[in-house]
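To start, the structure itself, in structure tokens.
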Amino acid sequence: MPTTARVVVLEGDFGVCAIQELELPDPRPHQVVLEIYAAGIEHGQLHQVEEPQDLPVIPGREGTARVLEVGSEVTRCRVDDVVLITPWSADSGREPELPLVEFDDGIETDVAPAGAWGTNLVLDEQFVVPIPNLMDKEGASVLGNTSLLAASAVRTAGVAEGDTVAVFGCAGVGLSTIAAAAAAGAGTIIAVARDGERLEAAGAAGATGTLNLSSAAAVERIGELVPGGVDHLFDCVYEFETASRPGRAPVREGGSAIAVGLPGTDERREEFDALVSAGGYTLPDPPDPDQDVPILLEWMEDGRLPIPGIVTFRCTIEQVNEATALLEAGDVVGQAVMVVEPLR
């Protein structure tokens with residue numbers, strides 16, 4: 001039986017999110033039907049909001065949900081399980097099954113993973129990870145991509161006990177990267193941002209020092225604080241096309257410089273790739289949800305991943321345009337989350 005869902009849709013107009021009530025199809029063999037608890041509103045999703053769309057798009061790459069129904073061949077979860085929604089596949093050897101959805105204007109199109117900005121979702125099981133029934137399921141929604149990508153970046157860099165780290169950009173992914181580096185045992189973590197509130201949050205996430213400076217000035221100051229350069233640099237600044245970047249300048253010879261981000265459109269991916277090449281950066285290894293999510297849950301439980309300091313803004317579906325405008329203006333300190341009221 002089809003599932004009625006209330007979802008956020010990008011209809012093609014610049015910067016406009018509409019809300020539509022749609023009928024989602026029955027699950028195919030490898031699909032699950034989900035009831036969404038909450039979904040992260042990432043900076044990468046703003047790329048989709050800002051650019052005209054050829055077809056309707058349901059944004060949302062991370063979230064938490066309850067399983068309502070499973071397809072005949074689903075093995076990763078069961079009905080009533082609480083799951084994490086992620087854009088990172090746990091089964092890259094199989095092409096995902098995509099739901100075919102008819103939108104209000106009569107257009108029918110496959111909905112790409114994950115499409116979590118709504119009350120319900122039909123999703124291939126390879127993009128869900130069962131998790132405990134946590135008290136803060138809203139805050140946990142950022143584990144699906146924001147914190148997952150940060151943990152993978154720190155693992156890729158090989159951050160070890162006593163290492164020196166610099167993190168440029170202290171929004172959601174930057175704060176998560178600071179927390180992951182602290183959990184890995186880094187001895188010095190220098191956070192760089194042009195915002196006092198974000199730097200305060202960075203300190204709470206594990207930064208041992210903060211610099212409210214431009215990238216160029218921060219590079220010079222880091223050279224004074226850490227002669228020879230830091231062991232690892234993480235560039236988490238999200239304005240790919242405008243921001244001044246540190247590049248490898250603050251990093252010691254043989255150290256790592258990693259660009260942490262997941263652009264939301266093909267055009268922004270090209271810009272990001274150009275930035276990576278010009279800055280001498282490397283990219284994180286793709287996250288492994290089954291390996292990384294249990295680690296993030298452990299950090300969340302013992303406070304090493306301080307979700308209350310990372311998720312600093314919560315909104316309803318009706319407030320999505322307000323939320324994206326605040327995020328675009330830089331008025332959200334950490335990560336924004338959409339809290340979803342079920343239709344039934």
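Residue names in the structure tokens use chain letters A, B, ... in the order shown, residue numbers from 1 in each chain, and ligand numbers from 1 in the order shown.
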Residues within 6 Å of region 123-127 of chain A, only C-alpha atoms, excluding chain neighbours under 2 positions, as number ranges by chain: A: 30-32, 85-86, 89-91, 96-97
Output for the residues just chosen: all heavy atoms as an mmCIF file, in the first residue's frame:
data_model
loop_
_atom_site.group_PDB
_atom_site.id
_atom_site.type_symbol
_atom_site.label_atom_id
_atom_site.label_comp_id
_atom_site.auth_asym_id
_atom_site.auth_seq_id
_atom_site.Cartn_x
_atom_site.Cartn_y
_atom_site.Cartn_z
ATOM 1 N N HIS A 30 14.700 -4.614 -2.124
ATOM 2 C CA HIS A 30 15.790 -4.158 -1.261
ATOM 3 C C HIS A 30 15.491 -2.804 -0.613
ATOM 4 O O HIS A 30 16.399 -2.169 -0.070
ATOM 5 C CB HIS A 30 17.099 -4.064 -2.057
ATOM 6 C CG HIS A 30 17.694 -5.394 -2.400
ATOM 7 N ND1 HIS A 30 18.362 -6.162 -1.472
ATOM 8 C CD2 HIS A 30 17.704 -6.093 -3.569
ATOM 9 C CE1 HIS A 30 18.780 -7.279 -2.058
ATOM 10 N NE2 HIS A 30 18.384 -7.268 -3.323
ATOM 11 N N GLN A 31 14.246 -2.377 -0.632
ATOM 12 C CA GLN A 31 13.904 -1.064 -0.092
ATOM 13 C C GLN A 31 13.188 -1.163 1.245
ATOM 14 O O GLN A 31 12.573 -2.188 1.570
ATOM 15 C CB GLN A 31 13.017 -0.302 -1.088
ATOM 16 C CG GLN A 31 13.742 0.120 -2.353
ATOM 17 C CD GLN A 31 12.818 0.828 -3.318
ATOM 18 O OE1 GLN A 31 11.590 0.654 -3.297
ATOM 19 N NE2 GLN A 31 13.402 1.645 -4.196
ATOM 20 N N VAL A 32 13.273 -0.050 1.993
ATOM 21 C CA VAL A 32 12.550 0.069 3.259
ATOM 22 C C VAL A 32 11.706 1.339 3.226
ATOM 23 O O VAL A 32 12.053 2.309 2.544
ATOM 24 C CB VAL A 32 13.517 0.110 4.469
ATOM 25 C CG1 VAL A 32 14.281 -1.193 4.580
ATOM 26 C CG2 VAL A 32 14.492 1.279 4.371
ATOM 27 N N ILE A 85 20.095 7.334 8.501
ATOM 28 C CA ILE A 85 20.096 7.511 7.049
ATOM 29 C C ILE A 85 21.421 8.145 6.651
ATOM 30 O O ILE A 85 21.855 9.129 7.256
ATOM 31 C CB ILE A 85 18.937 8.417 6.613
ATOM 32 C CG1 ILE A 85 17.591 7.782 6.987
ATOM 33 C CG2 ILE A 85 18.987 8.705 5.120
ATOM 34 C CD1 ILE A 85 16.428 8.762 6.929
ATOM 35 N N THR A 86 22.071 7.584 5.638
ATOM 36 C CA THR A 86 23.373 8.073 5.200
ATOM 37 C C THR A 86 23.459 8.042 3.677
ATOM 38 O O THR A 86 22.825 7.184 3.051
ATOM 39 C CB THR A 86 24.512 7.225 5.814
ATOM 40 O OG1 THR A 86 25.769 7.648 5.275
ATOM 41 C CG2 THR A 86 24.318 5.747 5.531
ATOM 42 N N SER A 89 27.035 4.258 0.852
ATOM 43 C CA SER A 89 26.498 2.912 0.676
ATOM 44 C C SER A 89 27.259 1.882 1.495
ATOM 45 O O SER A 89 28.491 1.901 1.565
ATOM 46 C CB SER A 89 26.554 2.521 -0.796
ATOM 47 O OG SER A 89 26.202 1.164 -0.963
ATOM 48 N N ALA A 90 26.516 0.960 2.083
ATOM 49 C CA ALA A 90 27.116 -0.181 2.768
ATOM 50 C C ALA A 90 27.220 -1.391 1.842
ATOM 51 O O ALA A 90 27.666 -2.456 2.266
ATOM 52 C CB ALA A 90 26.287 -0.546 4.003
ATOM 53 N N ASP A 91 26.820 -1.233 0.576
ATOM 54 C CA ASP A 91 26.875 -2.336 -0.385
ATOM 55 C C ASP A 91 27.155 -1.749 -1.764
ATOM 56 O O ASP A 91 26.272 -1.687 -2.630
ATOM 57 C CB ASP A 91 25.556 -3.109 -0.383
ATOM 58 C CG ASP A 91 25.583 -4.321 -1.311
ATOM 59 O OD1 ASP A 91 26.653 -4.622 -1.854
ATOM 60 O OD2 ASP A 91 24.526 -4.945 -1.503
ATOM 61 N N PRO A 96 21.766 0.679 -6.340
ATOM 62 C CA PRO A 96 20.617 0.875 -5.447
ATOM 63 C C PRO A 96 19.301 0.895 -6.209
ATOM 64 O O PRO A 96 19.238 1.316 -7.367
ATOM 65 C CB PRO A 96 20.896 2.231 -4.802
ATOM 66 C CG PRO A 96 21.803 2.936 -5.751
ATOM 67 C CD PRO A 96 22.636 1.875 -6.388
ATOM 68 N N GLU A 97 18.267 0.411 -5.551
ATOM 69 C CA GLU A 97 16.912 0.508 -6.082
ATOM 70 C C GLU A 97 16.363 1.887 -5.710
ATOM 71 O O GLU A 97 16.314 2.238 -4.533
ATOM 72 C CB GLU A 97 16.034 -0.593 -5.496
ATOM 73 C CG GLU A 97 16.475 -2.004 -5.882
ATOM 74 C CD GLU A 97 15.680 -3.090 -5.183
ATOM 75 O OE1 GLU A 97 14.942 -2.761 -4.217
ATOM 76 O OE2 GLU A 97 15.791 -4.252 -5.587
#
Backbone DSSP call of strand (DSSP E) for region 53-292 of chain A, listed as JSON, numbers by chain: {"A": [63, 64, 65, 66, 67, 68, 69, 70, 82, 83, 84, 85, 100, 101, 102, 108, 109, 110, 120, 121, 122, 123, 124, 128, 129, 130, 131, 164, 165, 166, 167, 168, 188, 189, 190, 191, 192, 209, 210, 211, 230, 231, 232, 233, 234, 235, 251, 252, 253, 254, 255, 256, 257, 258, 259]}
Per residue of region 135-155 of chain A within 12 Å of region 246-259 of chain A, record the nearest atom pair and its distance in Å to one decimal, counting only C-alpha atoms, with rows in chain order and ascending residue number, as CSV.
residue,atom,partner,partner_atom,distance
A:Leu149,CA,A:Ala259,CA,10.6
A:Ala150,CA,A:Ala259,CA,10.2
A:Ser152,CA,A:Ile258,CA,10.7
A:Ala153,CA,A:Ile258,CA,7.0
A:Val154,CA,A:Ile258,CA,8.9
A:Arg155,CA,A:Ile258,CA,11.0
Nearest to Ile310 (chain A) by atom-to-atom distance, counting only C-alpha atoms, from A:Ser92, A:Gln335, A:Ser214, A:Thr177: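 Nearest to Ile310 (chain A): A:Gln335.
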Identify, on the basis of only C-alpha atoms, every residue whose closest approach to Ala218 (chain A) does not exceed 10 Å; exclude the query and any residue fewer than 2 positions from it along the same chain; express the result as a compact mmCIF listing (two decimals) with N, CA, C and O atoms, in the first residue's frame.
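Generated file (out-v6.txt):
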# COMPACT_ATOMS: atom_id res chain seq x y z
N ALA A 166 45.38 21.37 12.89
CA ALA A 166 44.70 22.64 12.65
C ALA A 166 43.42 22.36 11.87
O ALA A 166 43.42 21.58 10.92
N PHE A 168 40.42 24.43 9.91
CA PHE A 168 39.91 25.69 9.37
C PHE A 168 38.43 25.51 9.05
O PHE A 168 38.06 24.64 8.26
N ILE A 190 44.21 23.31 16.90
CA ILE A 190 44.01 24.74 16.71
C ILE A 190 42.83 24.95 15.77
O ILE A 190 42.83 24.48 14.63
N ALA A 191 41.80 25.63 16.25
CA ALA A 191 40.60 25.90 15.46
C ALA A 191 40.67 27.31 14.90
O ALA A 191 41.01 28.25 15.61
N VAL A 192 40.33 27.46 13.62
CA VAL A 192 40.39 28.75 12.93
C VAL A 192 39.02 29.09 12.37
O VAL A 192 38.43 28.29 11.61
N ALA A 193 38.49 30.26 12.71
CA ALA A 193 37.22 30.73 12.18
C ALA A 193 37.11 32.23 12.43
O ALA A 193 37.80 32.77 13.29
N THR A 210 42.32 28.58 19.77
CA THR A 210 41.47 29.12 18.71
C THR A 210 42.09 30.38 18.13
O THR A 210 42.76 31.14 18.84
N LEU A 211 41.84 30.62 16.85
CA LEU A 211 42.34 31.80 16.16
C LEU A 211 41.20 32.45 15.40
O LEU A 211 40.63 31.84 14.49
N ASN A 212 40.85 33.68 15.78
CA ASN A 212 39.82 34.43 15.07
C ASN A 212 40.54 35.31 14.05
O ASN A 212 40.71 36.52 14.24
N LEU A 213 40.97 34.68 12.98
CA LEU A 213 41.81 35.34 11.97
C LEU A 213 41.41 34.88 10.58
O LEU A 213 40.78 33.82 10.41
N SER A 214 41.80 35.64 9.57
CA SER A 214 41.67 35.18 8.19
C SER A 214 42.59 34.00 7.98
O SER A 214 43.52 33.76 8.77
N SER A 215 42.37 33.27 6.89
CA SER A 215 43.21 32.10 6.62
C SER A 215 44.68 32.49 6.51
O SER A 215 45.56 31.83 7.07
N ALA A 216 44.97 33.59 5.79
CA ALA A 216 46.36 33.99 5.60
C ALA A 216 47.02 34.36 6.93
O ALA A 216 48.16 33.94 7.21
N GLU A 220 50.16 32.27 9.20
CA GLU A 220 51.35 32.89 9.79
C GLU A 220 51.42 32.63 11.30
O GLU A 220 52.48 32.30 11.83
N ARG A 221 50.28 32.75 11.96
CA ARG A 221 50.25 32.55 13.42
C ARG A 221 50.53 31.09 13.78
O ARG A 221 51.25 30.80 14.75
N ILE A 222 50.01 30.16 13.01
CA ILE A 222 50.27 28.74 13.27
C ILE A 222 51.76 28.44 13.12
O ILE A 222 52.34 27.66 13.88
N GLY A 223 52.40 29.10 12.15
CA GLY A 223 53.84 28.93 11.98
C GLY A 223 54.62 29.36 13.20
O GLY A 223 55.69 28.80 13.52
N GLU A 224 54.09 30.36 13.92
CA GLU A 224 54.74 30.83 15.16
C GLU A 224 54.46 29.87 16.32
O GLU A 224 55.35 29.61 17.14
N PRO A 246 43.84 27.88 3.24
CA PRO A 246 45.20 27.78 3.78
C PRO A 246 46.12 26.93 2.94
O PRO A 246 47.34 27.13 2.93
N PRO A 250 50.54 25.55 6.31
CA PRO A 250 50.79 25.37 7.75
C PRO A 250 51.25 23.96 8.13
O PRO A 250 51.39 23.66 9.32
Backbone DSSP call of alpha helix (DSSP H) for region 129-272 of chain A, listed as a ChimeraX atom specification: /A:137-140,146-157,172-183,196-205,215-225,266-272
Among the residues A:Thr64, A:Thr3, A:Gln291, A:Gln48, the one that comes closest to Gly264 (chain A) [using only C-alpha atoms]: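 Using only C-alpha atoms, Gly264 (chain A) sits closest to A:Gln48.
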Residue contacts of Asp26 (chain A) (10 Å, only C-alpha atoms) excluding same-chain residues fewer than 6 positions away, as an NGL selection string: :A and (1-3 or 32-33 or 69-71 or 99-100 or 122)
Can I get the selected residues back with N, CA, C and O atoms, as a compact mmCIF listing (two decimals), in the first residue's frame?
# COMPACT_ATOMS: atom_id res chain seq x y z
N MET A 1 0.85 -1.19 0.00
CA MET A 1 0.00 0.00 0.00
C MET A 1 0.88 1.24 0.00
O MET A 1 1.78 1.35 0.82
N PRO A 2 0.68 2.19 -0.93
CA PRO A 2 1.51 3.40 -0.97
C PRO A 2 1.47 4.17 0.35
O PRO A 2 0.48 4.11 1.10
N THR A 3 2.53 4.90 0.63
CA THR A 3 2.67 5.68 1.86
C THR A 3 2.52 7.16 1.55
O THR A 3 3.20 7.69 0.66
N VAL A 32 13.27 -0.05 1.99
CA VAL A 32 12.55 0.07 3.26
C VAL A 32 11.71 1.34 3.23
O VAL A 32 12.05 2.31 2.54
N VAL A 33 10.60 1.32 3.95
CA VAL A 33 9.77 2.51 4.13
C VAL A 33 10.07 3.06 5.53
O VAL A 33 10.02 2.33 6.52
N GLU A 69 8.20 -0.51 7.07
CA GLU A 69 7.96 -1.66 6.20
C GLU A 69 9.27 -2.02 5.51
O GLU A 69 10.11 -1.14 5.26
N VAL A 70 9.45 -3.29 5.20
CA VAL A 70 10.68 -3.72 4.52
C VAL A 70 10.32 -4.55 3.29
O VAL A 70 9.29 -5.24 3.26
N GLY A 71 11.18 -4.47 2.27
CA GLY A 71 11.01 -5.29 1.08
C GLY A 71 11.35 -6.74 1.34
O GLY A 71 11.92 -7.11 2.37
N PRO A 99 13.24 4.72 -5.72
CA PRO A 99 11.78 4.80 -5.83
C PRO A 99 11.37 5.77 -6.94
O PRO A 99 11.98 6.84 -7.11
N LEU A 100 10.35 5.41 -7.68
CA LEU A 100 9.78 6.28 -8.71
C LEU A 100 8.61 7.04 -8.07
O LEU A 100 7.64 6.43 -7.62
N VAL A 122 11.15 6.29 1.07
CA VAL A 122 11.44 4.94 0.60
C VAL A 122 12.89 4.93 0.16
O VAL A 122 13.30 5.74 -0.69
Spatial neighbours of region 184-189 of chain A, 6 Å, only C-alpha atoms, chain gap at least 3 places, as a VMD selection string: chain A and resid 160 to 166 181 207 to 208
N, CA and C atoms of the current selection, written as a PDB file, in the first residue's frame:
ATOM      1  N   ALA A 160      47.175  10.607  15.486  1.00  0.00           N
ATOM      2  CA  ALA A 160      47.603   9.711  16.558  1.00  0.00           C
ATOM      3  C   ALA A 160      47.856  10.501  17.843  1.00  0.00           C
ATOM      4  N   GLU A 161      48.114   9.783  18.900  1.00  0.00           N
ATOM      5  CA  GLU A 161      48.340  10.363  20.225  1.00  0.00           C
ATOM      6  C   GLU A 161      49.418  11.446  20.150  1.00  0.00           C
ATOM      7  N   GLY A 162      49.067  12.639  20.630  1.00  0.00           N
ATOM      8  CA  GLY A 162      50.022  13.730  20.729  1.00  0.00           C
ATOM      9  C   GLY A 162      50.210  14.548  19.468  1.00  0.00           C
ATOM     10  N   ASP A 163      49.553  14.210  18.358  1.00  0.00           N
ATOM     11  CA  ASP A 163      49.733  14.936  17.092  1.00  0.00           C
ATOM     12  C   ASP A 163      49.202  16.363  17.204  1.00  0.00           C
ATOM     13  N   THR A 164      49.734  17.232  16.332  1.00  0.00           N
ATOM     14  CA  THR A 164      49.249  18.609  16.238  1.00  0.00           C
ATOM     15  C   THR A 164      48.321  18.727  15.035  1.00  0.00           C
ATOM     16  N   VAL A 165      47.199  19.422  15.240  1.00  0.00           N
ATOM     17  CA  VAL A 165      46.136  19.497  14.228  1.00  0.00           C
ATOM     18  C   VAL A 165      45.666  20.940  14.110  1.00  0.00           C
ATOM     19  N   ALA A 166      45.379  21.368  12.887  1.00  0.00           N
ATOM     20  CA  ALA A 166      44.703  22.639  12.645  1.00  0.00           C
ATOM     21  C   ALA A 166      43.419  22.364  11.871  1.00  0.00           C
ATOM     22  N   ALA A 181      39.300  14.423  16.095  1.00  0.00           N
ATOM     23  CA  ALA A 181      40.740  14.528  16.313  1.00  0.00           C
ATOM     24  C   ALA A 181      41.068  14.412  17.798  1.00  0.00           C
ATOM     25  N   ALA A 207      39.002  21.654  20.906  1.00  0.00           N
ATOM     26  CA  ALA A 207      40.120  22.488  20.466  1.00  0.00           C
ATOM     27  C   ALA A 207      40.906  22.978  21.673  1.00  0.00           C
ATOM     28  N   THR A 208      42.226  22.943  21.567  1.00  0.00           N
ATOM     29  CA  THR A 208      43.083  23.431  22.652  1.00  0.00           C
ATOM     30  C   THR A 208      43.457  24.893  22.467  1.00  0.00           C
TER      31      THR A 208
END
Shell of 6 Å around Glu35 (chain A), only C-alpha atoms, local chain residues under 6 positions omitted, as a PyMOL selection string: chain A and resi 65-66+119-120
Take the residues from that selection and put them in a file with N, CA and C atoms, as a short mmCIF file (atom, residue, chain, number, x, y, z; two decimals), in the first residue's frame.
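again17.cif, written as the output of this step:
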data_model
loop_
_atom_site.label_atom_id
_atom_site.label_comp_id
_atom_site.auth_asym_id
_atom_site.auth_seq_id
_atom_site.Cartn_x
_atom_site.Cartn_y
_atom_site.Cartn_z
N ALA A 65 15.39 7.66 11.61
CA ALA A 65 14.04 7.25 11.23
C ALA A 65 13.67 5.94 11.90
N ARG A 66 12.38 5.63 11.82
CA ARG A 66 11.86 4.32 12.26
C ARG A 66 11.43 3.54 11.02
N THR A 119 8.40 13.65 5.95
CA THR A 119 7.87 12.80 7.02
C THR A 119 8.19 11.34 6.79
N ASN A 120 8.30 10.95 5.51
CA ASN A 120 8.52 9.55 5.17
C ASN A 120 9.45 9.44 3.97
#
Pick from A:Val8, A:Pro294, A:Leu34, A:Phe103, whichever lies nearest to Val79 (chain A) using only C-alpha atoms: A:Leu34
For CA of Pro56 (chain A) and CA of Val320 (chain A), the interatomic separation in Å (one decimal): 16.4 Å
Between CA of Pro130 (chain A) and CA of Arg76 (chain A), distance in Å (one decimal): 7.5 Å
Interatomic distance, CA of Gly139 (chain A) to CA of Ala329 (chain A) (Å, one decimal): 22.0 Å
